[in-house]
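All remarks here apply to the structure that follows.
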Amino acid sequence: MNQPALSVRDLVVHYGRRRRTPPAIDHVSFDIAPGETLGLVGESGSGKSTIGKAVLGLQPPTSGSVLLDGVDITRASSRQRRVSAIDLRVVFQDPYSSLNPARTIGQTLVEPLRVLRVPKPEQWQRARAALEAVGLPGDAIDRYPSQFSGGQRQRVAIARALVCDPKVIVLDEPVSALDLSTQAQVLNLLADLRDQRQLALLFIAHDLGVVRFLSQRVVVLYRGRAMEVGDVEAVTQRPRHPYSVALTAAAPVPHPAEQEARRAAREALGIGVAGTAVAAAAGCPFASRCPLAVDVCRRSRPPLVPAGDSQAACHRVGEVPALLATR
Ligand SMILES: Nc1ncnc2c1ncn2[C@@H]1O[C@H](COP(=O)(O)OP(=O)(O)OP(=O)(O)O)[C@@H](O)[C@H]1O
């Protein structure tokens, strides 16, 4: 790996008095390259958010370091911290509480640029560009959060992160509060932005299916320790540590309505559950990215569709047959 965008080295975090309480994070290390997503997965209380907070400088580590583009920001001067605040942004889980209801979207987006003393005309120009990048219309700039759906608000939260042109974004359960098809749209958007801008994403989630969709590598946390760090496919398909096996086995079974949608799509495409013919073999251009048919399509080895082909990613498996018919 070239210079990682983010490095976490031997991180230890205690809440409360050191030595009297066990550490919430116990010697965790990982790197994230530009253009890469690292998933951070584990049960409730395993320490995912604590790592996110330590990376963002919201929780001081007991020991260890966090390096942003090679610079240790845990021991940074106040000037370096201001620089890291531009390069390191966050998107939180709840798009309802993370946006100020009294501010227009435009005011929310220009706020960090105002603090950075970016000239005013450039602030608004960058706010408009960020809205465009997340697929929201230009007139969104004068509207208030209450005028948007949950998925649209999460797009605004992503635009707020992008407006500073960061190198790293910490995503703390960014799709957990959204319904399934909106989750897929936001995940596709994040994947596209990551690829276009070479963003490094630290993706915190408890849902392995979601982590698997967006991440190239994964850290499995258990009681503050990294039980496994590795390629996401290897960890989810051939988990080595007993805890990873348990976590993989506990990955949620899709909602019955989703299972039915997958079954119907498979039938329409003439493919079996085992995925021998798979959507890719049927010529589906979106097979490698389709979040709903992913169990089927990912079994195509070697992949017949190049990964990363997200030009017009289909967000609903039910639309795949119609798309195929137009080819
Ligand atoms: N402010 C705090 N004060 C004391 N202990 C805390 C604090 N925040 C978290 N903890 C403890 O640190 C450990 C890790 O918590 P953390 O919130 O990082 O886990 P998590 O994996 O993000 O959980 P969840 O998925 O439920 O959000 C837990 O034992 C938790 O009780």
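Letters A, B, ... mark the chains of the structure tokens in the order given; residue numbers begin at 1 per chain; ligand numbers begin at 1, in order shown.
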Next on the checklist: At a cut-off of 10 Å, using only C-alpha atoms, what residues contact Lys53 (chain A)? Leave out same-chain residues fewer than 5 positions from it and give the result as a PyMOL selection string.
Outcome noted: chain A and resi 47-48+58-61+90+170+172
Can you write out the residues you just picked, keeping C-alpha atoms, as a PDB file, in the first residue's frame?
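The resulting out-v4.pdb:
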```
ATOM      1  CA  GLY A  47     -16.000  -0.335  20.359  1.00  0.00           C
ATOM      2  CA  LYS A  48     -16.825   0.711  16.785  1.00  0.00           C
ATOM      3  CA  LEU A  58     -13.596  13.514  19.973  1.00  0.00           C
ATOM      4  CA  GLN A  59     -12.163  10.952  22.408  1.00  0.00           C
ATOM      5  CA  PRO A  60      -8.499  11.232  23.416  1.00  0.00           C
ATOM      6  CA  PRO A  61      -6.634   7.917  23.161  1.00  0.00           C
ATOM      7  CA  VAL A  90     -17.928  12.523   9.399  1.00  0.00           C
ATOM      8  CA  VAL A 170     -15.831   8.446   8.882  1.00  0.00           C
ATOM      9  CA  ASP A 172     -20.876   6.007  11.554  1.00  0.00           C
TER      10      ASP A 172
END
```
Checklist entry - Per DSSP on the backbone, what are the helix (DSSP H, G or I) residues of region 25-65 of chain A, as a list of chain:residue names? => result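 Helix (DSSP H, G or I) members of region 25-65 of chain A, listed: A:Lys48, A:Ser49, A:Thr50, A:Ile51, A:Gly52, A:Lys53, A:Ala54, A:Val55.
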Site check for ligand 1: residues at most 7 Å away, only C-alpha atoms and all ligand atoms, as a short mmCIF file (atom, residue, chain, number, x, y, z; two decimals) with C-alpha atoms, in the first residue's frame:
```cif
data_model
loop_
_atom_site.label_atom_id
_atom_site.label_comp_id
_atom_site.auth_asym_id
_atom_site.auth_seq_id
_atom_site.Cartn_x
_atom_site.Cartn_y
_atom_site.Cartn_z
CA TYR A 15 -13.23 5.66 29.45
CA GLY A 16 -12.83 6.62 33.07
CA ALA A 24 -12.83 0.17 25.40
CA GLY A 42 -18.85 -5.90 15.59
CA GLU A 43 -21.68 -6.36 18.03
CA SER A 44 -23.12 -3.53 20.12
CA GLY A 45 -20.55 -2.29 22.64
CA SER A 46 -17.57 -3.78 20.78
CA GLY A 47 -16.00 -0.34 20.36
CA LYS A 48 -16.82 0.71 16.78
CA SER A 49 -17.99 4.24 17.63
CA THR A 50 -15.15 4.70 20.10
CA ILE A 51 -12.65 4.13 17.29
CA HIS A 206 -23.21 -3.68 12.50
CA GLY A 224 -12.39 -3.61 21.87
#
```
Next on the checklist: Could you tell me how far CA of Arg197 (chain A) sits from CA of Val71 (chain A), in Å to one decimal place?
Outcome noted: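 Here the two named atoms are 20.7 Å from each other.
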I need the residues of region 11-211 of chain A that end up classed as strand (DSSP E or B) by DSSP on the backbone, written out as a PDB file with C-alpha atoms, in the first residue's frame.
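What follows is the written file states.pdb:
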```
ATOM      1  CA  LEU A  11      -4.796   2.446  19.580  1.00  0.00           C
ATOM      2  CA  VAL A  12      -5.838   2.092  23.217  1.00  0.00           C
ATOM      3  CA  VAL A  13      -8.817   4.032  24.607  1.00  0.00           C
ATOM      4  CA  ARG A  18      -6.976   4.070  33.327  1.00  0.00           C
ATOM      5  CA  THR A  21     -11.454  -0.080  33.885  1.00  0.00           C
ATOM      6  CA  ILE A  25     -10.233  -0.197  22.611  1.00  0.00           C
ATOM      7  CA  ASP A  26      -7.315  -2.524  23.116  1.00  0.00           C
ATOM      8  CA  HIS A  27      -4.321  -2.124  20.762  1.00  0.00           C
ATOM      9  CA  VAL A  28      -6.164  -1.820  17.452  1.00  0.00           C
ATOM     10  CA  SER A  29      -4.267  -1.031  14.221  1.00  0.00           C
ATOM     11  CA  PHE A  30      -5.351  -0.609  10.602  1.00  0.00           C
ATOM     12  CA  ASP A  31      -4.640   1.448   7.476  1.00  0.00           C
ATOM     13  CA  ILE A  32      -6.981   2.830   4.823  1.00  0.00           C
ATOM     14  CA  THR A  37     -13.338   1.506   2.247  1.00  0.00           C
ATOM     15  CA  LEU A  38     -12.479  -0.280   5.476  1.00  0.00           C
ATOM     16  CA  GLY A  39     -15.493  -1.724   7.262  1.00  0.00           C
ATOM     17  CA  LEU A  40     -15.520  -1.739  11.052  1.00  0.00           C
ATOM     18  CA  VAL A  41     -17.937  -4.364  12.232  1.00  0.00           C
ATOM     19  CA  SER A  63      -1.988   5.519  23.834  1.00  0.00           C
ATOM     20  CA  GLY A  64      -1.332   4.837  20.174  1.00  0.00           C
ATOM     21  CA  SER A  65      -1.729   7.210  17.280  1.00  0.00           C
ATOM     22  CA  VAL A  66      -3.957   8.288  14.416  1.00  0.00           C
ATOM     23  CA  LEU A  67      -2.106   9.415  11.292  1.00  0.00           C
ATOM     24  CA  LEU A  68      -3.803  11.448   8.598  1.00  0.00           C
ATOM     25  CA  VAL A  71       0.783  13.206  10.197  1.00  0.00           C
ATOM     26  CA  ASP A  72       0.005  12.115  13.761  1.00  0.00           C
ATOM     27  CA  LEU A  88     -11.316  14.367   7.929  1.00  0.00           C
ATOM     28  CA  ARG A  89     -15.114  14.583   7.940  1.00  0.00           C
ATOM     29  CA  VAL A  90     -17.928  12.523   9.399  1.00  0.00           C
ATOM     30  CA  VAL A  91     -21.425  11.374   8.462  1.00  0.00           C
ATOM     31  CA  VAL A 168     -11.096  10.667   4.720  1.00  0.00           C
ATOM     32  CA  ILE A 169     -14.738  10.331   5.763  1.00  0.00           C
ATOM     33  CA  VAL A 170     -15.831   8.446   8.882  1.00  0.00           C
ATOM     34  CA  LEU A 171     -19.263   6.948   8.225  1.00  0.00           C
ATOM     35  CA  ASP A 172     -20.876   6.007  11.554  1.00  0.00           C
ATOM     36  CA  ALA A 200     -10.736   6.811   2.101  1.00  0.00           C
ATOM     37  CA  LEU A 201     -13.860   5.654   3.981  1.00  0.00           C
ATOM     38  CA  LEU A 202     -13.965   4.247   7.507  1.00  0.00           C
ATOM     39  CA  PHE A 203     -17.345   2.557   7.420  1.00  0.00           C
ATOM     40  CA  ILE A 204     -18.800   1.686  10.835  1.00  0.00           C
ATOM     41  CA  ALA A 205     -21.750  -0.695  10.730  1.00  0.00           C
TER      42      ALA A 205
END
```
Item to check | Surrounding residues of Ala33 (chain A) excluding itself and chain neighbours under 3 positions, 7 Å, only C-alpha atoms, as an NGL selection string | outcome: :A and (1 or 4-6 or 36 or 200)
Item to check | Near-Pro95 (chain A) list (8 Å; only C-alpha atoms; drop same-chain fewer than 6 positions) as an MDAnalysis selection string | outcome: chainID A and resid 150:151 153:154 157 177
Checklist outcome for this item: Min atom-atom distance to Gly209 (chain A) from the set A:Gln107, A:Gln93, A:Gln237, A:Ser78, counting only C-alpha atoms, belongs to A:Gln237
Item to check | Residue with smallest distance to Pro166 (chain A) - pool A:Ala85, A:Ala127, A:Arg117, A:Ala54, counting only C-alpha atoms | outcome: A:Ala85
